[in-house]
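Chemist: To start, I am sharing the structure in question, which I have written as structure tokens.
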Amino acid sequence: MKLNIEGLLVYFPYDYIYPEQYSYMLELKRTLDAKGHGVLEMPSGTGKTISLLSLIVAYQKAYPLEVTKLIYCSRTVPEIEKVVEELRKLMEFYTKETGEKNNFLALALSSRKNLCIHPEVSSLRFGKEVDGKCHSLTASYIRAQHHSNPSQPVCRFYEEFDAVGRQVPIPSGIYNLDDLKDFGRKKGWCPYYLARYSILHANIVVYSYHYLLDPKIADLVSKELAKKSVVVFDEAHNIDNVCIDSMSVNITRRTLDRCQTNVDTLQNTIQRIKETDAAKLREEYRRLVEGLKEANVARETDIYLSNPVLPDEVLQEAIPGSIRTAEHFVGFLKRFLEYLKARLRIHHVVQESSPQFLKDIYEKVCIDRKPLRFCAERLRSLLRTLEIADIADFSPITLISHFATLVSTYSKGFTIIIEPFEDKTPTIANPVLHFSCMDPSIAIKPVFERFQSVVITSGTLSPLDIYPRILDFRPVTMASFTMTLARTCLCPLIVGRGNDQVAMSSKFETREDFAVIRNYGNLLLEMSAIVPDGIVAFFTSYVYMENIVASWYEQGILENIQRNKLIFIETPDAAETSMALEKYQEACENGRGAILLSVARGKVSEGIDFVHHFGRAVIMFGVPYVYTQSRILKARLEYLRDQFQIRENDFLTFDAMRHAAQCVGRAIRGKTDYGLMIFADKRYARADKRGKLPRWIQEHISDGSLNLTIDETVQLSKHFLRQMAQPFRREDQLGLSLLTLEQLQSEEMLEKISQIAQQA
Amino acid sequence: MDEEPERAKRWEGGYERTWEVLKEDESGSLKATVEDILFQAKRKRVFESHGQVRLGMMRHLYVVIDSSRTMEDQDLKPNRLTSTLKLMEFFVEEYFDQNPISQVMFLLFEINTFFYICFDAGNPKKHVAALKKAVGSTCLGEPSLYNALNIAMQTLKHMPGHTSREILIIFSSLTTCDPANIYELIKTLKELKIRVSVIGLSAEVRVCTILTRETGGSYNVILDESHFKELLMLHVKPPPASSSSECSLIRMGFPQHIIASVSDQDAKPSFSMSLYTLYCMRTRRGLRLFALCLTLVSAPHLARSFHHLFPLDAFQESPLEEHTGDRFCQACQGELKDKSVFTCPACSSVFCTECDLFIHDTLHCCPACIHTQGAS
């Protein structure tokens, strides 16, 4: 259908539209009009993606000079593929309606592992191996060697692309990863480099967060994207953690040992080269004297994404003399390494700021701040000069050099914590140096500064106002949308007590309480008897889950549950978990029924959807607070309090509730889906917790479902499940939660729609 | 269920929120909603207008009743099993009333024990007696949908192709313990054109949804006892025959009782005619009842099945206030009191709710229309 969104003609590829989609597009349009940033929350399964795409594409077509590019960031490869499929549908609709050939270029970009078509390289299993192998076939000096010595293997796909591909632009169309591969195979071009090259002139780019947020990758891939782009972060409820992770470094003793080997290799290579080809090293030296001019030229036009690791002023300077020659630099690295080793040889926890660390390193081993800053750049140059093909082997030393650069660049927002052992195992010495970023805004700042509109959206972003605060930006629109429903297909229940009236809670004092564990067991047992097919249960942590399950086993509760359903358990091991998940789905499919015990913040809670029968009920045992004794967290909380005036408790609750909402949100993936959401902790009933749940869940929690006992829960659930099992047809939705164009245009409906969005 | 022998005590039952169904009207009284609920209950009936389609009128229905642990559940009073069996008695009577030329079998199942309540027969009395006897049986263990379907299939497989082969499962449990992949079996059932319908007593189970969708049956989940009864009644009507089912003319015998001393010279009965001997007009022979060479029916049976082909149109419902004619029901001559009145589209006579139900459920023709036809 064709919609008129405040004067903009939007093509929407479906015959029906949800009211909230219309409302969402309105808000989005206002954001784009204002050339500002937006935070939008809309429940999953209500067609966020297609609303985003149709509006932004329409905007691009209407104002080609205002918005030149859409950069859509998603989290996982399947999600990226889904976005591209929606886009394809939209473009087909455009072609059908307007009759003209589509001149849009949209493509997905992923790592080499997903895009490589080289027969040997693509058969490797790990991403790192693929990257390393690819590098050893495509590096510039390898190709130079190939010229003089044809027996040196190179990648023929890359050669072909390099020779022809850059001149001929990829024909317009929609390309997902497989399409790119097919196209690459047909032409004999490398799809990865083709995609990387083509994103510069593509209208729509779909890729992972890291290509924008991780400074190391962003520098390579997204440097030249135009300023007039719209950036969308989908499923962005965890964006602050992604930012922090991309800037943090953890160094263990093992890393240092491997670094030592790296340094030795470097030294040997230098020695060898010196004997054979001293001119090469001299050439490098000359280049370094001239400074980082190269990078500087690129930055002059100011359209590039600035690299947060290397601030502007650094580029003005030449690499300091003390690390210019290769031997000196290796010596420098050795000293630095020895210093780190010495620091790790401790018996108590040390926490210090970056300036303290710099002061200490200066006093102990006379390493100045300046050379440290250039460490990463200098290492890269050295590796290039030495023509080391297999970069993958040098990841530890690269990590150390990043650490050196970061620690000397930022004096604020980071902390260094050295722990001699892990908290769980205080007897085993396993020293770790955490260089931890506490301020997510550092990584994301360049994105906000550079692009005219950045939209952060997800199903669970409540409370909305906290994101602009921790990411340090000023949005023009902040809105939360509810789900309009023809039948209430979600049923959030807060269970606070067992049948014996003992309060259920996972709080620390009652955690080991026998009665609480038994009540949790009874709840699961009762639910397993009345909920069909799949139940997903989330615990607050692996340790807690292990304790509880062991206790249930002793009490015989597990045995009883197994009469109703099979039990599967998520473990930290990815292969085991995916196996468990597969079997779980099989059991749901053939009617045996199954329970998946998993952990909030785990893999399952973040990325797996339990549509329809795969998740008829989600039980959240306890409030998933993050482990509060961790020193990194404490440092971060302190930082948040000092810098952003966010109280510790507020942040902890916010973090716990967003994960709880993520977990229970797994069950509802659309309007025809239905599911129970059971919050098994009495603390959820409090207003401060409840108020932080997304609005679309909150509005279905009535006062009657606040502090229930187990048998009340069972009765309510039974009733709900029977209600939901009644036939539900599309006609029932029409006019209420699903609109045709005529219905949408009626005054009354527009009035209603304006109430869907709630401005924060 | 009026007479419940060992009615469970109120406090033994579950926690119910009976007040949630009731809503106050503007004046704060509950009367309106209560009446509304009663009226809805009376009126709830599905008019499925098949139009002109072939109906599978010769039915072989296999009713399979879950007898696993969950049947002891007391959310239907006194428990699910007793309540189900009681409704089944009612169902059998209705079934034979509406489908006199069809047959039904009953089977209780759980993981590996099967218990025939009553084996294939066309005699409702036997069924009712057998169902009464089954009430006391205990429910244990897990159910196996696979085994149950398999057994039912083994029997139905041999039924002639022109009949409508159906399985109706009353499924109380939410889990099934199968010895093999049930999806293979579903495929076989589909090939054999056996229609499987399920009535769930607890909640929607995925495998049943697929089972019924694939085989062309219906899947419903009960809300409460009266809804259960309604859903059962849906299965009384013969379903539309699948277009691919065999089509053939069936030879039928209309038996007559003849007295042994009949003076037919052609007939040379080879055995002495007894009371149970029927005389076959085709082979000109007297036959024992158990050795029939063709299907026997009686004329009233056929006539009773006949109305399914020409169902009575649904009467038009209109609010009482708008009704301008006389205030009495054409059928019972009682005063029209309910909210709505029903008008026959053919002769435009008006009826009350109760008579409307009676006409559609039992009479299958409009009395007023017949009256006018007879008069003219």
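Each chain in the structure tokens gets a letter, A, B, ..., in the order shown, and its residues are numbered from 1; ligands are numbered from 1 in order too.
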With a cut-off of 12 Å and counting only C-alpha atoms, select all residues of chain B in contact with chain A and give the selection as a VMD selection string.
Modeler: chain B and resid 13 to 18 20 to 21 68 to 70 73 75 140 to 146 172 to 186 199 to 211 218 to 224 227 to 228 231
Chemist: Within 7 Å of range 350-363 of chain A, counting only C-alpha atoms, which residues qualify if same-chain residues fewer than 3 places away don't, as a PyMOL selection string?
Modeler: chain A and resi 366-369+407+411+414-419
Chemist: Can you tell me which residues surround range 375-384 of chain A at a distance of at most 8 Å, considering only C-alpha atoms, apart from same-chain residues fewer than 4 positions away, and format the answer as a list in words?
Modeler: Glu284, Ile319, Ile323, Arg324, Ala326, Pro371, Ile388, Thr398, Ser401, His402, Ala404 and Thr405 of chain A
Chemist: Using the selection just defined, write its residues with N, CA, C and O atoms as a tab-separated table (two decimals), in the first residue's frame.
Modeler:
chain	number	residue	atom	x	y	z
A	284	GLU	N	61.94	2.06	5.61
A	284	GLU	CA	60.90	2.22	6.62
A	284	GLU	C	61.23	3.37	7.55
A	284	GLU	O	60.38	4.19	7.88
A	319	ILE	N	56.75	9.80	14.40
A	319	ILE	CA	56.98	8.77	15.40
A	319	ILE	C	58.25	9.10	16.15
A	319	ILE	O	59.26	9.46	15.55
A	323	ILE	N	61.75	4.85	19.08
A	323	ILE	CA	61.26	3.57	18.56
A	323	ILE	C	61.29	3.52	17.03
A	323	ILE	O	60.63	2.71	16.41
A	324	ARG	N	62.05	4.41	16.45
A	324	ARG	CA	62.02	4.46	15.00
A	324	ARG	C	62.73	3.27	14.35
A	324	ARG	O	62.24	2.69	13.41
A	326	ALA	N	63.99	-0.49	13.89
A	326	ALA	CA	63.32	-1.73	14.22
A	326	ALA	C	63.87	-2.36	15.49
A	326	ALA	O	63.12	-2.81	16.35
A	371	PRO	N	56.18	7.42	23.21
A	371	PRO	CA	56.37	6.20	22.39
A	371	PRO	C	55.26	5.17	22.60
A	371	PRO	O	54.88	4.46	21.65
A	388	ILE	N	55.53	-10.16	7.15
A	388	ILE	CA	55.05	-11.34	7.85
A	388	ILE	C	53.64	-11.62	7.36
A	388	ILE	O	52.74	-10.79	7.47
A	398	THR	N	49.80	-7.69	19.02
A	398	THR	CA	48.94	-6.60	18.55
A	398	THR	C	48.06	-6.11	19.70
A	398	THR	O	47.85	-4.91	19.89
A	401	SER	N	50.00	-3.98	21.98
A	401	SER	CA	50.30	-2.66	21.43
A	401	SER	C	49.06	-1.76	21.48
A	401	SER	O	49.15	-0.58	21.74
A	402	HIS	N	47.88	-2.39	21.27
A	402	HIS	CA	46.64	-1.61	21.39
A	402	HIS	C	46.49	-1.09	22.81
A	402	HIS	O	46.11	0.06	23.03
A	404	ALA	N	48.81	-0.48	24.89
A	404	ALA	CA	49.78	0.60	25.13
A	404	ALA	C	49.26	1.91	24.57
A	404	ALA	O	49.30	2.95	25.24
A	405	THR	N	48.73	1.85	23.37
A	405	THR	CA	48.23	3.08	22.75
A	405	THR	C	47.05	3.65	23.52
A	405	THR	O	46.98	4.84	23.80
Chemist: Kindly indicate which residue among B:Ala129, B:Glu225, B:His60, B:Ala152 lies nearest to Ser83 in chain B, using only C-alpha atoms for the distances.
Modeler: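 Smallest separation from Ser83 in chain B among the options: B:Glu225.
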Chemist: Identify which of the residues B:Asp66, B:Glu94, B:Glu214, B:Glu110 lies closest to Ile170 in chain B, counting only C-alpha atoms when measuring atom-to-atom distances.
Modeler: B:Asp66
